[in-house]
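Listing of target-v4.tsv, TSV, C-alpha atoms
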chain	number	residue	atom	x	y	z
A	1	MET	CA	21.54	3.70	4.97
A	2	SER	CA	19.21	5.01	2.28
A	3	LYS	CA	16.69	7.82	2.36
A	4	THR	CA	14.15	5.44	3.95
A	5	SER	CA	15.99	5.37	7.28
A	6	HIS	CA	13.86	8.27	8.55
A	7	SER	CA	11.30	10.76	7.45
A	8	LYS	CA	9.65	14.04	8.29
A	9	LYS	CA	6.40	12.31	9.25
A	10	GLY	CA	7.81	9.90	11.79
A	11	ILE	CA	8.27	6.72	9.76
A	12	SER	CA	11.54	5.30	11.03
A	13	ALA	CA	13.62	2.25	10.18
A	14	ARG	CA	14.57	2.12	13.85
A	15	GLU	CA	10.96	1.34	14.84
A	16	ARG	CA	10.18	-2.27	13.92
A	17	ASN	CA	6.81	-2.60	15.62
A	18	LEU	CA	4.00	-2.20	13.07
A	19	VAL	CA	1.46	-1.51	15.81
A	20	LYS	CA	3.48	1.59	16.70
A	21	LEU	CA	4.17	2.62	13.09
A	22	PHE	CA	0.61	2.62	11.73
A	23	PRO	CA	-0.70	5.33	14.11
A	24	THR	CA	2.05	7.68	12.84
A	25	LEU	CA	0.46	7.68	9.36
A	26	GLN	CA	-1.19	11.07	8.85
A	27	GLU	CA	-3.42	10.27	5.84
A	28	TYR	CA	-5.44	7.43	4.38
A	29	TYR	CA	-4.39	6.04	0.97
A	30	SER	CA	-0.89	7.47	1.38
A	31	PRO	CA	1.64	4.61	1.55
A	32	LYS	CA	4.90	5.19	3.41
A	33	VAL	CA	8.10	3.29	2.69
A	34	ILE	CA	9.40	1.57	5.84
A	35	GLY	CA	12.14	-0.49	4.24
A	36	GLU	CA	13.78	-1.92	1.17
A	37	VAL	CA	14.50	-5.50	0.16
A	38	ASN	CA	16.68	-5.64	-2.95
A	39	ASP	CA	14.62	-3.90	-5.68
A	40	MET	CA	11.41	-3.90	-3.61
A	41	TYR	CA	9.87	-1.39	-1.23
A	42	VAL	CA	8.08	-2.45	1.93
A	43	LYS	CA	5.30	0.06	2.65
A	44	ILE	CA	2.49	0.58	5.11
A	45	THR	CA	-0.79	2.36	4.53
A	46	LYS	CA	-4.18	2.87	6.14
A	47	VAL	CA	-7.37	2.65	4.07
A	48	VAL	CA	-11.01	3.47	4.73
A	49	GLY	CA	-13.69	4.10	2.11
A	50	ASN	CA	-13.52	3.61	-1.65
A	51	ASP	CA	-11.28	6.37	-3.01
A	52	VAL	CA	-8.81	4.04	-4.75
A	53	PRO	CA	-9.49	4.18	-8.51
A	54	TRP	CA	-9.41	1.21	-10.86
A	55	HIS	CA	-5.78	0.94	-11.98
A	56	THR	CA	-3.17	-1.42	-13.39
A	57	HIS	CA	0.54	-1.98	-12.84
A	58	ASP	CA	1.62	-3.18	-16.27
A	59	CYS	CA	5.02	-4.59	-15.28
A	60	GLU	CA	4.84	-5.15	-11.52
A	61	ASP	CA	3.15	-7.57	-9.13
A	62	GLU	CA	1.87	-6.04	-5.87
A	63	MET	CA	1.49	-7.86	-2.53
A	64	PHE	CA	-1.10	-6.83	0.07
A	65	TYR	CA	-0.85	-8.22	3.63
A	66	MET	CA	-3.67	-7.35	6.03
A	67	VAL	CA	-2.21	-6.32	9.37
A	68	LYS	CA	-5.50	-5.10	10.88
A	69	GLY	CA	-9.09	-5.08	9.66
A	70	SER	CA	-10.37	-6.32	6.33
A	71	LEU	CA	-10.25	-5.13	2.76
A	72	GLN	CA	-12.50	-5.56	-0.26
A	73	MET	CA	-10.36	-6.59	-3.25
A	74	GLU	CA	-11.77	-6.18	-6.74
A	75	LEU	CA	-10.12	-7.54	-9.87
A	76	LYS	CA	-11.63	-6.63	-13.24
A	77	GLY	CA	-13.75	-9.49	-14.56
A	78	LYS	CA	-13.52	-11.52	-11.32
A	79	GLN	CA	-15.72	-11.93	-8.26
A	80	ALA	CA	-14.78	-9.41	-5.52
A	81	PHE	CA	-13.47	-10.94	-2.29
A	82	THR	CA	-12.48	-9.91	1.21
A	83	LEU	CA	-8.98	-10.09	2.59
A	84	ALA	CA	-9.18	-10.62	6.34
A	85	GLU	CA	-6.64	-9.75	9.01
A	86	GLY	CA	-3.60	-12.00	8.63
A	87	GLU	CA	-4.30	-12.81	4.98
A	88	TYR	CA	-2.35	-11.74	1.92
A	89	PHE	CA	-2.93	-11.50	-1.80
A	90	ILE	CA	-0.62	-10.83	-4.72
A	91	VAL	CA	-2.14	-8.83	-7.57
A	92	PRO	CA	-0.40	-10.03	-10.75
A	93	GLN	CA	1.02	-7.47	-13.14
A	94	GLY	CA	-1.39	-6.24	-15.78
A	95	ILE	CA	-4.55	-6.98	-13.74
A	96	GLU	CA	-6.87	-4.00	-13.29
A	97	HIS	CA	-7.83	-3.73	-9.62
A	98	ARG	CA	-9.04	-1.52	-6.81
A	99	ILE	CA	-9.51	-1.82	-3.07
A	100	SER	CA	-11.95	-0.45	-0.51
A	101	SER	CA	-12.84	-0.86	3.14
A	102	GLY	CA	-15.87	0.05	5.25
A	103	ARG	CA	-13.66	0.55	8.31
A	104	GLU	CA	-10.07	1.60	8.79
A	105	CYS	CA	-7.66	-1.18	7.91
A	106	TRP	CA	-3.88	-1.44	8.02
A	107	ILE	CA	-2.02	-2.86	5.04
A	108	LEU	CA	1.59	-3.88	4.49
A	109	LEU	CA	2.57	-3.64	0.81
A	110	VAL	CA	5.53	-5.23	-0.94
A	111	GLU	CA	6.14	-4.00	-4.46
A	112	PRO	CA	8.94	-3.17	-6.90
A	113	LYS	CA	10.48	0.28	-6.52
A	114	THR	CA	9.16	1.15	-10.00
A	115	THR	CA	5.50	0.66	-9.01
A	116	LYS	CA	3.40	3.80	-9.36
A	117	HIS	CA	0.90	4.23	-6.52
A	118	THR	CA	-2.21	4.24	-8.73
A	119	GLY	CA	-0.63	2.99	-11.94
A	120	ASP	CA	-1.09	5.48	-14.77
A	121	VAL	CA	-4.32	6.81	-13.24
A	122	GLU	CA	-4.01	10.23	-11.59
A	123	SER	CA	-6.46	10.86	-8.76
A	124	THR	CA	-6.72	12.89	-5.56
A	125	ILE	CA	-5.01	10.07	-3.65
A	126	THR	CA	-2.11	9.52	-6.08
A	127	ARG	CA	1.27	9.92	-4.33
A	128	SER	CA	4.70	10.05	-5.96
A	129	ILE	CA	7.44	7.80	-4.66
A	130	ASP	CA	9.12	10.88	-3.15
A	131	GLU	CA	5.94	11.53	-1.13
A	132	GLN	CA	5.92	7.89	-0.02
A	133	ILE	CA	9.50	8.12	1.20
A	134	ASP	CA	9.12	11.48	3.02
File written out as structure tokens:
Amino acid sequence: MSKTSHSKKGISARERNLVKLFPTLQEYYSPKVIGEVNDMYVKITKVVGNDVPWHTHDCEDEMFYMVKGSLQMELKGKQAFTLAEGEYFIVPQGIEHRISSGRECWILLVEPKTTKHTGDVESTITRSIDEQID
């Protein structure tokens, strides 16, 4: 199995229950890879607040699935909307976007392995893929 089969922070491919995996996340805005599907990573992250900067993924679509809570989704030039628990949204490549949440929410992400966490924008929350796998 690949490097995603286990990590130093407790994310494990052996654990398949998301309700048990999310509490192991140590930081907000710090996605962790929990699996791979072909050329895609499956990640989980917790978000609260509005620290995610406006950013774009020029060549990759990005799927958000709300496991718990709700999320404010903003797309440049469009009306902001809320993703509720159980809902998903796919941000198309090249669309500038950001997310925020007034309360802690849990998100499952599906995105190509080449996707940079905050696009080409460097911020205090930006994490490399190595940090997302560890």
Pick from A:Val47, A:Ile90, A:Val19, A:Val42, whichever lies nearest to Lys113 in chain A using only C-alpha atoms: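 Going through A:Val47, A:Ile90, A:Val19, A:Val42 one by one, the smallest distance to Lys113 in chain A is for A:Val42.
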Which residue of A:Val33, A:Val48, A:Ala80, A:Ile107 approaches Glu131 in chain A most closely, using all atoms listed in the file: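 Of A:Val33, A:Val48, A:Ala80, A:Ile107, the one nearest Glu131 in chain A, counting all atoms listed in the file, is A:Val33.
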Answer as number ranges by chain, residues within 12 Å of (-1.7, 4.5, -7.5) using all atoms listed in the file: A: 29-31, 51-57, 62, 96-99, 111, 114-129, 132
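Considering only C-alpha atoms, the residue among A:Asn50, A:Met66, A:Asp58, A:Tyr88 positioned nearest to Ser101 in chain A is A:Asn50.
Distance check against Phe22 in chain A using all atoms listed in the file: of A:Glu60, A:Asn38, A:Lys68, A:Gly102, the minimum falls on A:Lys68.
Across the structure, CA of Leu108 in chain A and CA of Ile44 in chain A are spaced 4.6 Å apart.
Neighbouring residues of Ala84 in chain A at 9 Å or closer, counting only C-alpha atoms and skipping chain neighbours under 5 positions away, are Met66, Val67, Lys68, Gly69, Ser70, Leu71 and Gln72 of chain A.
Between CA of Phe64 in chain A and CA of Gly86 in chain A lies a distance of 10.3 Å.
Minimum distance to Val37 in chain A across A:Val110, A:Lys20, A:Glu87, A:Cys105 (counting all atoms listed in the file) occurs at A:Val110.
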Length of the CA of Pro23 in chain A to CA of Asp130 in chain A vector [Å]: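 We find that CA of Pro23 in chain A and CA of Asp130 in chain A lie 20.6 Å from each other.
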